[in-house]
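Below is the file run35.cif, which contains mmCIF, N, CA and C atoms.
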```cif
data_my_file
#
loop_
_atom_site.label_atom_id
_atom_site.label_comp_id
_atom_site.auth_asym_id
_atom_site.auth_seq_id
_atom_site.Cartn_x
_atom_site.Cartn_y
_atom_site.Cartn_z
N MET A 1 0.82 -1.20 0.00
CA MET A 1 0.00 0.00 0.00
C MET A 1 0.86 1.26 0.00
N GLN A 2 1.93 1.23 0.81
CA GLN A 2 2.83 2.38 0.88
C GLN A 2 3.50 2.62 -0.46
N ASP A 3 3.86 1.56 -1.17
CA ASP A 3 4.48 1.69 -2.49
C ASP A 3 3.52 2.34 -3.49
N LEU A 4 2.25 2.02 -3.37
CA LEU A 4 1.24 2.59 -4.25
C LEU A 4 1.09 4.10 -4.02
N ILE A 5 1.15 4.52 -2.77
CA ILE A 5 1.06 5.94 -2.43
C ILE A 5 2.26 6.69 -2.97
N ILE A 6 3.45 6.12 -2.82
CA ILE A 6 4.67 6.76 -3.33
C ILE A 6 4.60 6.87 -4.85
N LEU A 7 4.18 5.81 -5.50
CA LEU A 7 4.05 5.83 -6.96
C LEU A 7 3.05 6.90 -7.41
N ALA A 8 1.92 7.00 -6.72
CA ALA A 8 0.92 8.01 -7.06
C ALA A 8 1.49 9.42 -6.92
N LEU A 9 2.25 9.67 -5.86
CA LEU A 9 2.87 10.99 -5.66
C LEU A 9 3.86 11.32 -6.77
N VAL A 10 4.66 10.34 -7.15
CA VAL A 10 5.64 10.55 -8.22
C VAL A 10 4.92 10.87 -9.53
N VAL A 11 3.87 10.16 -9.83
CA VAL A 11 3.11 10.41 -11.06
C VAL A 11 2.49 11.80 -11.03
N ILE A 12 1.90 12.20 -9.92
CA ILE A 12 1.28 13.53 -9.81
C ILE A 12 2.32 14.64 -10.00
N ILE A 13 3.47 14.49 -9.36
CA ILE A 13 4.53 15.48 -9.51
C ILE A 13 5.00 15.53 -10.96
N GLY A 14 5.17 14.37 -11.58
CA GLY A 14 5.61 14.31 -12.97
C GLY A 14 4.63 14.98 -13.93
N VAL A 15 3.36 14.71 -13.73
CA VAL A 15 2.33 15.31 -14.59
C VAL A 15 2.31 16.83 -14.40
N ALA A 16 2.37 17.30 -13.16
CA ALA A 16 2.37 18.74 -12.89
C ALA A 16 3.59 19.41 -13.54
N TYR A 17 4.76 18.78 -13.43
CA TYR A 17 5.97 19.33 -14.04
C TYR A 17 5.82 19.40 -15.56
N THR A 18 5.29 18.33 -16.15
CA THR A 18 5.14 18.28 -17.60
C THR A 18 4.18 19.35 -18.09
N ILE A 19 3.08 19.54 -17.41
CA ILE A 19 2.11 20.59 -17.79
C ILE A 19 2.79 21.96 -17.75
N ASN A 20 3.50 22.25 -16.67
CA ASN A 20 4.21 23.54 -16.57
C ASN A 20 5.29 23.67 -17.62
N HIS A 21 5.96 22.58 -17.92
CA HIS A 21 7.02 22.60 -18.93
C HIS A 21 6.46 23.05 -20.28
N PHE A 22 5.35 22.45 -20.69
CA PHE A 22 4.79 22.80 -21.99
C PHE A 22 4.11 24.17 -22.00
N LYS A 23 3.86 24.72 -20.85
CA LYS A 23 3.38 26.11 -20.76
C LYS A 23 4.55 27.08 -20.75
N GLY A 24 5.79 26.56 -20.73
CA GLY A 24 6.98 27.40 -20.72
C GLY A 24 7.33 27.92 -19.35
N LYS A 25 6.83 27.29 -18.29
CA LYS A 25 7.07 27.78 -16.93
C LYS A 25 8.25 27.10 -16.26
N ASN A 26 8.65 25.95 -16.72
CA ASN A 26 9.80 25.26 -16.13
C ASN A 26 10.98 25.38 -17.07
N GLY A 27 12.17 25.38 -16.52
CA GLY A 27 13.35 25.41 -17.35
C GLY A 27 13.54 24.10 -18.07
N CYS A 28 14.09 24.16 -19.24
CA CYS A 28 14.47 22.96 -19.97
C CYS A 28 15.75 23.27 -20.71
N CYS A 29 16.20 22.34 -21.47
CA CYS A 29 17.38 22.58 -22.31
C CYS A 29 18.56 23.07 -21.48
N GLY A 30 18.67 22.60 -20.28
CA GLY A 30 19.75 23.03 -19.41
C GLY A 30 19.32 24.08 -18.42
N GLY A 31 18.26 24.81 -18.72
CA GLY A 31 17.71 25.81 -17.80
C GLY A 31 18.68 26.92 -17.46
N GLY A 32 18.20 27.88 -16.77
CA GLY A 32 19.02 28.95 -16.23
C GLY A 32 19.46 30.01 -17.22
N SER A 33 19.01 29.95 -18.44
CA SER A 33 19.44 30.92 -19.42
C SER A 33 18.73 32.25 -19.19
N THR A 34 19.50 33.31 -19.26
CA THR A 34 18.91 34.64 -19.08
C THR A 34 19.23 35.55 -20.26
N TYR A 35 19.58 34.97 -21.40
CA TYR A 35 19.93 35.75 -22.57
C TYR A 35 18.72 36.51 -23.08
N ILE A 36 18.79 37.81 -23.04
CA ILE A 36 17.75 38.66 -23.61
C ILE A 36 18.46 39.64 -24.53
N SER A 37 18.08 39.63 -25.78
CA SER A 37 18.76 40.51 -26.72
C SER A 37 17.81 41.58 -27.23
N LYS A 38 18.29 42.77 -27.21
CA LYS A 38 17.58 43.89 -27.81
C LYS A 38 18.49 44.45 -28.90
N LYS A 39 18.92 43.56 -29.78
CA LYS A 39 19.86 43.95 -30.83
C LYS A 39 19.21 45.01 -31.72
N LYS A 40 19.92 46.11 -31.89
CA LYS A 40 19.44 47.23 -32.71
C LYS A 40 20.12 47.20 -34.07
N LEU A 41 19.34 47.40 -35.09
CA LEU A 41 19.86 47.49 -36.44
C LEU A 41 19.77 48.94 -36.90
N LYS A 42 20.73 49.35 -37.72
CA LYS A 42 20.74 50.74 -38.19
C LYS A 42 19.59 51.03 -39.14
N LYS A 43 19.39 50.16 -40.10
CA LYS A 43 18.33 50.36 -41.08
C LYS A 43 17.80 49.01 -41.53
N VAL A 44 16.56 48.71 -41.20
CA VAL A 44 15.96 47.43 -41.58
C VAL A 44 15.51 47.51 -43.03
N ILE A 45 16.02 46.58 -43.85
CA ILE A 45 15.64 46.57 -45.27
C ILE A 45 14.64 45.46 -45.58
N ALA A 46 14.53 44.47 -44.69
CA ALA A 46 13.60 43.37 -44.94
C ALA A 46 13.33 42.60 -43.65
N THR A 47 12.22 41.90 -43.64
CA THR A 47 11.90 41.00 -42.53
C THR A 47 11.46 39.66 -43.11
N LYS A 48 11.66 38.63 -42.34
CA LYS A 48 11.23 37.28 -42.71
C LYS A 48 10.69 36.61 -41.45
N THR A 49 9.74 35.70 -41.65
CA THR A 49 9.19 34.96 -40.53
C THR A 49 9.37 33.47 -40.79
N PHE A 50 9.82 32.77 -39.76
CA PHE A 50 10.03 31.32 -39.84
C PHE A 50 9.26 30.66 -38.70
N ILE A 51 8.79 29.45 -38.94
CA ILE A 51 8.18 28.63 -37.89
C ILE A 51 9.26 27.69 -37.39
N VAL A 52 9.47 27.70 -36.07
CA VAL A 52 10.54 26.90 -35.46
C VAL A 52 9.91 25.84 -34.57
N GLU A 53 10.21 24.60 -34.87
CA GLU A 53 9.68 23.47 -34.11
C GLU A 53 10.64 23.10 -32.98
N GLY A 54 10.06 22.80 -31.82
CA GLY A 54 10.85 22.30 -30.70
C GLY A 54 11.02 23.28 -29.55
N MET A 55 10.70 24.54 -29.75
CA MET A 55 10.82 25.51 -28.66
C MET A 55 9.65 25.31 -27.68
N THR A 56 9.98 25.15 -26.40
CA THR A 56 8.93 24.92 -25.41
C THR A 56 8.96 25.91 -24.26
N CYS A 57 10.04 26.70 -24.12
CA CYS A 57 10.15 27.59 -22.97
C CYS A 57 11.05 28.78 -23.31
N GLU A 58 11.20 29.66 -22.34
CA GLU A 58 12.03 30.85 -22.53
C GLU A 58 13.50 30.50 -22.73
N ASN A 59 13.95 29.39 -22.18
CA ASN A 59 15.33 28.96 -22.40
C ASN A 59 15.54 28.60 -23.87
N CYS A 60 14.54 27.97 -24.46
CA CYS A 60 14.60 27.64 -25.89
C CYS A 60 14.67 28.92 -26.72
N VAL A 61 13.82 29.88 -26.37
CA VAL A 61 13.80 31.18 -27.07
C VAL A 61 15.17 31.84 -26.99
N ALA A 62 15.74 31.85 -25.80
CA ALA A 62 17.04 32.48 -25.60
C ALA A 62 18.12 31.81 -26.44
N ARG A 63 18.05 30.49 -26.53
CA ARG A 63 19.04 29.76 -27.31
C ARG A 63 18.92 30.09 -28.80
N VAL A 64 17.70 30.11 -29.32
CA VAL A 64 17.50 30.45 -30.73
C VAL A 64 17.99 31.87 -31.00
N LEU A 65 17.61 32.81 -30.14
CA LEU A 65 18.03 34.20 -30.34
C LEU A 65 19.54 34.38 -30.27
N ARG A 66 20.18 33.64 -29.38
CA ARG A 66 21.63 33.74 -29.26
C ARG A 66 22.30 33.39 -30.58
N TYR A 67 21.86 32.31 -31.22
CA TYR A 67 22.46 31.88 -32.48
C TYR A 67 22.08 32.79 -33.64
N VAL A 68 20.82 33.19 -33.72
CA VAL A 68 20.37 34.04 -34.83
C VAL A 68 20.99 35.43 -34.74
N ASN A 69 21.03 36.00 -33.55
CA ASN A 69 21.57 37.35 -33.40
C ASN A 69 23.08 37.41 -33.58
N ASP A 70 23.74 36.25 -33.61
CA ASP A 70 25.17 36.22 -33.91
C ASP A 70 25.45 36.46 -35.39
N ILE A 71 24.42 36.37 -36.22
CA ILE A 71 24.58 36.64 -37.65
C ILE A 71 24.66 38.15 -37.84
N ASP A 72 25.69 38.59 -38.52
CA ASP A 72 25.90 40.01 -38.76
C ASP A 72 24.74 40.59 -39.57
N GLY A 73 24.16 41.69 -39.08
CA GLY A 73 23.10 42.37 -39.80
C GLY A 73 21.71 41.79 -39.58
N VAL A 74 21.58 40.92 -38.57
CA VAL A 74 20.30 40.25 -38.31
C VAL A 74 19.91 40.43 -36.85
N ALA A 75 18.63 40.70 -36.62
CA ALA A 75 18.08 40.73 -35.27
C ALA A 75 16.82 39.88 -35.26
N GLY A 76 16.71 39.02 -34.27
CA GLY A 76 15.56 38.13 -34.20
C GLY A 76 14.64 38.46 -33.04
N LYS A 77 13.39 38.05 -33.19
CA LYS A 77 12.39 38.18 -32.14
C LYS A 77 11.53 36.92 -32.22
N VAL A 78 11.21 36.32 -31.06
CA VAL A 78 10.47 35.06 -31.05
C VAL A 78 9.13 35.23 -30.36
N ASN A 79 8.09 34.66 -30.96
CA ASN A 79 6.79 34.52 -30.32
C ASN A 79 6.66 33.04 -30.00
N LEU A 80 6.87 32.70 -28.73
CA LEU A 80 6.90 31.30 -28.31
C LEU A 80 5.56 30.61 -28.54
N ARG A 81 4.48 31.29 -28.24
CA ARG A 81 3.15 30.69 -28.39
C ARG A 81 2.89 30.28 -29.84
N LYS A 82 3.27 31.15 -30.78
CA LYS A 82 3.06 30.84 -32.20
C LYS A 82 4.23 30.07 -32.80
N LYS A 83 5.31 29.92 -32.04
CA LYS A 83 6.54 29.27 -32.49
C LYS A 83 7.14 29.99 -33.70
N GLU A 84 6.99 31.33 -33.70
CA GLU A 84 7.49 32.13 -34.81
C GLU A 84 8.79 32.83 -34.46
N LEU A 85 9.70 32.81 -35.42
CA LEU A 85 10.93 33.58 -35.34
C LEU A 85 10.83 34.65 -36.41
N ARG A 86 10.83 35.91 -36.00
CA ARG A 86 10.76 37.03 -36.94
C ARG A 86 12.14 37.65 -37.03
N ILE A 87 12.64 37.71 -38.24
CA ILE A 87 13.98 38.21 -38.50
C ILE A 87 13.90 39.58 -39.15
N SER A 88 14.64 40.53 -38.61
CA SER A 88 14.82 41.84 -39.25
C SER A 88 16.24 41.88 -39.76
N MET A 89 16.41 42.44 -40.95
CA MET A 89 17.74 42.43 -41.58
C MET A 89 18.13 43.82 -42.05
N GLU A 90 19.40 44.14 -41.88
CA GLU A 90 19.92 45.39 -42.45
C GLU A 90 20.78 45.11 -43.67
N ARG A 91 20.87 43.84 -44.05
CA ARG A 91 21.53 43.41 -45.29
C ARG A 91 20.83 42.13 -45.73
N GLU A 92 20.98 41.76 -47.00
CA GLU A 92 20.36 40.53 -47.50
C GLU A 92 21.02 39.33 -46.82
N VAL A 93 20.20 38.49 -46.27
CA VAL A 93 20.66 37.26 -45.63
C VAL A 93 19.81 36.13 -46.18
N SER A 94 20.47 35.05 -46.60
CA SER A 94 19.73 33.94 -47.19
C SER A 94 18.96 33.15 -46.13
N ASP A 95 17.88 32.53 -46.58
CA ASP A 95 17.11 31.66 -45.69
C ASP A 95 17.99 30.54 -45.14
N GLU A 96 18.88 30.05 -45.97
CA GLU A 96 19.76 28.96 -45.56
C GLU A 96 20.64 29.36 -44.38
N GLU A 97 21.09 30.60 -44.35
CA GLU A 97 21.93 31.08 -43.25
C GLU A 97 21.13 31.13 -41.94
N ILE A 98 19.89 31.58 -42.03
CA ILE A 98 19.02 31.63 -40.85
C ILE A 98 18.71 30.21 -40.38
N ILE A 99 18.33 29.36 -41.32
CA ILE A 99 17.99 27.97 -40.98
C ILE A 99 19.19 27.26 -40.36
N ALA A 100 20.39 27.52 -40.87
CA ALA A 100 21.59 26.90 -40.31
C ALA A 100 21.81 27.34 -38.86
N ALA A 101 21.55 28.59 -38.55
CA ALA A 101 21.72 29.09 -37.18
C ALA A 101 20.70 28.44 -36.25
N VAL A 102 19.46 28.33 -36.70
CA VAL A 102 18.41 27.70 -35.88
C VAL A 102 18.73 26.23 -35.65
N THR A 103 19.19 25.56 -36.71
CA THR A 103 19.56 24.15 -36.61
C THR A 103 20.73 23.97 -35.65
N LYS A 104 21.71 24.84 -35.74
CA LYS A 104 22.87 24.79 -34.84
C LYS A 104 22.43 24.98 -33.39
N ALA A 105 21.36 25.76 -33.16
CA ALA A 105 20.83 25.97 -31.83
C ALA A 105 20.10 24.73 -31.32
N GLY A 106 19.78 23.80 -32.23
CA GLY A 106 19.14 22.55 -31.83
C GLY A 106 17.67 22.47 -32.15
N TYR A 107 17.18 23.32 -33.06
CA TYR A 107 15.76 23.35 -33.38
C TYR A 107 15.58 23.20 -34.89
N GLN A 108 14.35 23.04 -35.32
CA GLN A 108 14.08 22.80 -36.74
C GLN A 108 13.13 23.84 -37.29
N VAL A 109 13.49 24.40 -38.44
CA VAL A 109 12.60 25.32 -39.15
C VAL A 109 11.71 24.49 -40.04
N ILE A 110 10.40 24.77 -39.95
CA ILE A 110 9.45 24.02 -40.81
C ILE A 110 8.74 24.97 -41.74
#
```

Step by step, read the file and then write its structure as structure tokens.
Amino acid sequence: MQDLIILALVVIIGVAYTINHFKGKNGCCGGGSTYISKKKLKKVIATKTFIVEGMTCENCVARVLRYVNDIDGVAGKVNLRKKELRISMEREVSDEEIIAAVTKAGYQVI
């Protein structure tokens, strides 16, 4: 009986953690990331929007932005709920370059 109670508690805690995780409230992907970028561009000449699969929390967002904002002339912004990455550019940047950065961050552009 005691084993059943312990198992029930573990399952309840696991389910609660999982629900919060998919709401973006728990850390994942190593957690603890505080990267927030407000990268400013001198003159935006174009914008592009990509759908990024696999982002589940703010740590995921920070990781994607870290890699995308490392591209010269590019500033990214993520809408986690819509799984959108919006890119502003001050120079022409190929889709392949953006996709490569997102892939290097560990996510997939669809």

From A:Ile51, A:Leu41, A:Val15, A:Leu4, residue lying nearest Asn79 of chain A [only C-alpha atoms]
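Looking at the shortest contact to Asn79 of chain A, the residue is A:Ile51.
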
Name the residues that the PyMOL selection byres (((chain A and resi 50 and name CA) around 9) and name CA) picks from the file above, as a list in words, using the file's chain letters and numbers.
Lys48, Thr49, Ile51, Val52, Lys83, Glu84, Leu85, Arg86, Ile87, Ile99, Val109 and Ile110 of chain A

Lys38 of chain A proximity check over A:Tyr17, A:Ala75, A:Asp3, A:Tyr67, using only N, CA and C atoms: winner is A:Ala75

Given only N, CA and C atoms as the basis, pick out the residue of A:Gly14, A:Leu7, A:Val44, A:Val64 nearest to Ala105 of chain A.
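For Ala105 of chain A, the nearest of the given residues is A:Val64.
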
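The shortest atom-to-atom distance to Ala100 of chain A, with only C-alpha atoms taken into account, belongs to A:Val68 out of A:Val68, A:Ile13, A:Ile5, A:Val61.
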
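The coordinates place atom N of Lys40 of chain A at 22.4 Å from atom N of Lys82 of chain A.
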
Point-to-point distance in Å for atom N of Arg81 of chain A and atom CA of Tyr107 of chain A
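For atom CA of Tyr107 of chain A relative to atom N of Arg81 of chain A, the distance reads 14.7 Å.
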
Atomic distance atom C of Glu53 of chain A - atom N of Val11 of chain A, expressed in Å with one decimal
27.4 Å

Name the residues of chain A that come out as strand (DSSP E) in a backbone DSSP run; write them as JSON, numbers by chain.
{"A": [46, 47, 48, 49, 50, 51, 52, 53, 74, 75, 76, 77, 78, 79, 84, 85, 86, 87, 88, 89, 108, 109]}

Could the residues in this selection be written to a file with N, CA and C atoms, as an mmCIF file, in the coordinates of the input?
```
data_model
loop_
_atom_site.group_PDB
_atom_site.id
_atom_site.type_symbol
_atom_site.label_atom_id
_atom_site.label_comp_id
_atom_site.auth_asym_id
_atom_site.auth_seq_id
_atom_site.Cartn_x
_atom_site.Cartn_y
_atom_site.Cartn_z
ATOM 1 N N ALA A 46 14.530 44.470 -44.690
ATOM 2 C CA ALA A 46 13.600 43.370 -44.940
ATOM 3 C C ALA A 46 13.330 42.600 -43.650
ATOM 4 N N THR A 47 12.220 41.900 -43.640
ATOM 5 C CA THR A 47 11.900 41.000 -42.530
ATOM 6 C C THR A 47 11.460 39.660 -43.110
ATOM 7 N N LYS A 48 11.660 38.630 -42.340
ATOM 8 C CA LYS A 48 11.230 37.280 -42.710
ATOM 9 C C LYS A 48 10.690 36.610 -41.450
ATOM 10 N N THR A 49 9.740 35.700 -41.650
ATOM 11 C CA THR A 49 9.190 34.960 -40.530
ATOM 12 C C THR A 49 9.370 33.470 -40.790
ATOM 13 N N PHE A 50 9.820 32.770 -39.760
ATOM 14 C CA PHE A 50 10.030 31.320 -39.840
ATOM 15 C C PHE A 50 9.260 30.660 -38.700
ATOM 16 N N ILE A 51 8.790 29.450 -38.940
ATOM 17 C CA ILE A 51 8.180 28.630 -37.890
ATOM 18 C C ILE A 51 9.260 27.690 -37.390
ATOM 19 N N VAL A 52 9.470 27.700 -36.070
ATOM 20 C CA VAL A 52 10.540 26.900 -35.460
ATOM 21 C C VAL A 52 9.910 25.840 -34.570
ATOM 22 N N GLU A 53 10.210 24.600 -34.870
ATOM 23 C CA GLU A 53 9.680 23.470 -34.110
ATOM 24 C C GLU A 53 10.640 23.100 -32.980
ATOM 25 N N VAL A 74 21.580 40.920 -38.570
ATOM 26 C CA VAL A 74 20.300 40.250 -38.310
ATOM 27 C C VAL A 74 19.910 40.430 -36.850
ATOM 28 N N ALA A 75 18.630 40.700 -36.620
ATOM 29 C CA ALA A 75 18.080 40.730 -35.270
ATOM 30 C C ALA A 75 16.820 39.880 -35.260
ATOM 31 N N GLY A 76 16.710 39.020 -34.270
ATOM 32 C CA GLY A 76 15.560 38.130 -34.200
ATOM 33 C C GLY A 76 14.640 38.460 -33.040
ATOM 34 N N LYS A 77 13.390 38.050 -33.190
ATOM 35 C CA LYS A 77 12.390 38.180 -32.140
ATOM 36 C C LYS A 77 11.530 36.920 -32.220
ATOM 37 N N VAL A 78 11.210 36.320 -31.060
ATOM 38 C CA VAL A 78 10.470 35.060 -31.050
ATOM 39 C C VAL A 78 9.130 35.230 -30.360
ATOM 40 N N ASN A 79 8.090 34.660 -30.960
ATOM 41 C CA ASN A 79 6.790 34.520 -30.320
ATOM 42 C C ASN A 79 6.660 33.040 -30.000
ATOM 43 N N GLU A 84 6.990 31.330 -33.700
ATOM 44 C CA GLU A 84 7.490 32.130 -34.810
ATOM 45 C C GLU A 84 8.790 32.830 -34.460
ATOM 46 N N LEU A 85 9.700 32.810 -35.420
ATOM 47 C CA LEU A 85 10.930 33.580 -35.340
ATOM 48 C C LEU A 85 10.830 34.650 -36.410
ATOM 49 N N ARG A 86 10.830 35.910 -36.000
ATOM 50 C CA ARG A 86 10.760 37.030 -36.940
ATOM 51 C C ARG A 86 12.140 37.650 -37.030
ATOM 52 N N ILE A 87 12.640 37.710 -38.240
ATOM 53 C CA ILE A 87 13.980 38.210 -38.500
ATOM 54 C C ILE A 87 13.900 39.580 -39.150
ATOM 55 N N SER A 88 14.640 40.530 -38.610
ATOM 56 C CA SER A 88 14.820 41.840 -39.250
ATOM 57 C C SER A 88 16.240 41.880 -39.760
ATOM 58 N N MET A 89 16.410 42.440 -40.950
ATOM 59 C CA MET A 89 17.740 42.430 -41.580
ATOM 60 C C MET A 89 18.130 43.820 -42.050
ATOM 61 N N GLN A 108 14.350 23.040 -35.320
ATOM 62 C CA GLN A 108 14.080 22.800 -36.740
ATOM 63 C C GLN A 108 13.130 23.840 -37.290
ATOM 64 N N VAL A 109 13.490 24.400 -38.440
ATOM 65 C CA VAL A 109 12.600 25.320 -39.150
ATOM 66 C C VAL A 109 11.710 24.490 -40.040
#
```

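In terms of minimum interatomic distance to Gly76 of chain A, A:Met89 ranks closest within A:Ala46, A:Ala8, A:Met89, A:Ala101, counting all atoms listed in the file.
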
Written as a list in words, which residues does the PyMOL selection byres ((chain A and resi 92) around 8) give for the file shown?
Ile45, Ala46, Gly73, Met89, Glu90, Arg91, Val93, Ser94 and Asp95 of chain A

Could you tell me, as a ChimeraX atom specification, which residues of chain A DSSP assigns to helix (DSSP H, G or I) when given the backbone?
/A:2-22,58-69,95-105

Selected residues written out with N, CA and C atoms, as a short mmCIF file (atom, residue, chain, number, x, y, z; two decimals), in the frame of the given file:
```
data_model
loop_
_atom_site.label_atom_id
_atom_site.label_comp_id
_atom_site.auth_asym_id
_atom_site.auth_seq_id
_atom_site.Cartn_x
_atom_site.Cartn_y
_atom_site.Cartn_z
N GLN A 2 1.93 1.23 0.81
CA GLN A 2 2.83 2.38 0.88
C GLN A 2 3.50 2.62 -0.46
N ASP A 3 3.86 1.56 -1.17
CA ASP A 3 4.48 1.69 -2.49
C ASP A 3 3.52 2.34 -3.49
N LEU A 4 2.25 2.02 -3.37
CA LEU A 4 1.24 2.59 -4.25
C LEU A 4 1.09 4.10 -4.02
N ILE A 5 1.15 4.52 -2.77
CA ILE A 5 1.06 5.94 -2.43
C ILE A 5 2.26 6.69 -2.97
N ILE A 6 3.45 6.12 -2.82
CA ILE A 6 4.67 6.76 -3.33
C ILE A 6 4.60 6.87 -4.85
N LEU A 7 4.18 5.81 -5.50
CA LEU A 7 4.05 5.83 -6.96
C LEU A 7 3.05 6.90 -7.41
N ALA A 8 1.92 7.00 -6.72
CA ALA A 8 0.92 8.01 -7.06
C ALA A 8 1.49 9.42 -6.92
N LEU A 9 2.25 9.67 -5.86
CA LEU A 9 2.87 10.99 -5.66
C LEU A 9 3.86 11.32 -6.77
N VAL A 10 4.66 10.34 -7.15
CA VAL A 10 5.64 10.55 -8.22
C VAL A 10 4.92 10.87 -9.53
N VAL A 11 3.87 10.16 -9.83
CA VAL A 11 3.11 10.41 -11.06
C VAL A 11 2.49 11.80 -11.03
N ILE A 12 1.90 12.20 -9.92
CA ILE A 12 1.28 13.53 -9.81
C ILE A 12 2.32 14.64 -10.00
N ILE A 13 3.47 14.49 -9.36
CA ILE A 13 4.53 15.48 -9.51
C ILE A 13 5.00 15.53 -10.96
N GLY A 14 5.17 14.37 -11.58
CA GLY A 14 5.61 14.31 -12.97
C GLY A 14 4.63 14.98 -13.93
N VAL A 15 3.36 14.71 -13.73
CA VAL A 15 2.33 15.31 -14.59
C VAL A 15 2.31 16.83 -14.40
N ALA A 16 2.37 17.30 -13.16
CA ALA A 16 2.37 18.74 -12.89
C ALA A 16 3.59 19.41 -13.54
N TYR A 17 4.76 18.78 -13.43
CA TYR A 17 5.97 19.33 -14.04
C TYR A 17 5.82 19.40 -15.56
N THR A 18 5.29 18.33 -16.15
CA THR A 18 5.14 18.28 -17.60
C THR A 18 4.18 19.35 -18.09
N ILE A 19 3.08 19.54 -17.41
CA ILE A 19 2.11 20.59 -17.79
C ILE A 19 2.79 21.96 -17.75
N ASN A 20 3.50 22.25 -16.67
CA ASN A 20 4.21 23.54 -16.57
C ASN A 20 5.29 23.67 -17.62
N HIS A 21 5.96 22.58 -17.92
CA HIS A 21 7.02 22.60 -18.93
C HIS A 21 6.46 23.05 -20.28
N PHE A 22 5.35 22.45 -20.69
CA PHE A 22 4.79 22.80 -21.99
C PHE A 22 4.11 24.17 -22.00
N GLU A 58 11.20 29.66 -22.34
CA GLU A 58 12.03 30.85 -22.53
C GLU A 58 13.50 30.50 -22.73
N ASN A 59 13.95 29.39 -22.18
CA ASN A 59 15.33 28.96 -22.40
C ASN A 59 15.54 28.60 -23.87
N CYS A 60 14.54 27.97 -24.46
CA CYS A 60 14.60 27.64 -25.89
C CYS A 60 14.67 28.92 -26.72
N VAL A 61 13.82 29.88 -26.37
CA VAL A 61 13.80 31.18 -27.07
C VAL A 61 15.17 31.84 -26.99
N ALA A 62 15.74 31.85 -25.80
CA ALA A 62 17.04 32.48 -25.60
C ALA A 62 18.12 31.81 -26.44
N ARG A 63 18.05 30.49 -26.53
CA ARG A 63 19.04 29.76 -27.31
C ARG A 63 18.92 30.09 -28.80
N VAL A 64 17.70 30.11 -29.32
CA VAL A 64 17.50 30.45 -30.73
C VAL A 64 17.99 31.87 -31.00
N LEU A 65 17.61 32.81 -30.14
CA LEU A 65 18.03 34.20 -30.34
C LEU A 65 19.54 34.38 -30.27
N ARG A 66 20.18 33.64 -29.38
CA ARG A 66 21.63 33.74 -29.26
C ARG A 66 22.30 33.39 -30.58
N TYR A 67 21.86 32.31 -31.22
CA TYR A 67 22.46 31.88 -32.48
C TYR A 67 22.08 32.79 -33.64
N VAL A 68 20.82 33.19 -33.72
CA VAL A 68 20.37 34.04 -34.83
C VAL A 68 20.99 35.43 -34.74
N ASN A 69 21.03 36.00 -33.55
CA ASN A 69 21.57 37.35 -33.40
C ASN A 69 23.08 37.41 -33.58
N ASP A 95 17.88 32.53 -46.58
CA ASP A 95 17.11 31.66 -45.69
C ASP A 95 17.99 30.54 -45.14
N GLU A 96 18.88 30.05 -45.97
CA GLU A 96 19.76 28.96 -45.56
C GLU A 96 20.64 29.36 -44.38
N GLU A 97 21.09 30.60 -44.35
CA GLU A 97 21.93 31.08 -43.25
C GLU A 97 21.13 31.13 -41.94
N ILE A 98 19.89 31.58 -42.03
CA ILE A 98 19.02 31.63 -40.85
C ILE A 98 18.71 30.21 -40.38
N ILE A 99 18.33 29.36 -41.32
CA ILE A 99 17.99 27.97 -40.98
C ILE A 99 19.19 27.26 -40.36
N ALA A 100 20.39 27.52 -40.87
CA ALA A 100 21.59 26.90 -40.31
C ALA A 100 21.81 27.34 -38.86
N ALA A 101 21.55 28.59 -38.55
CA ALA A 101 21.72 29.09 -37.18
C ALA A 101 20.70 28.44 -36.25
N VAL A 102 19.46 28.33 -36.70
CA VAL A 102 18.41 27.70 -35.88
C VAL A 102 18.73 26.23 -35.65
N THR A 103 19.19 25.56 -36.71
CA THR A 103 19.56 24.15 -36.61
C THR A 103 20.73 23.97 -35.65
N LYS A 104 21.71 24.84 -35.74
CA LYS A 104 22.87 24.79 -34.84
C LYS A 104 22.43 24.98 -33.39
N ALA A 105 21.36 25.76 -33.16
CA ALA A 105 20.83 25.97 -31.83
C ALA A 105 20.10 24.73 -31.32
#
```
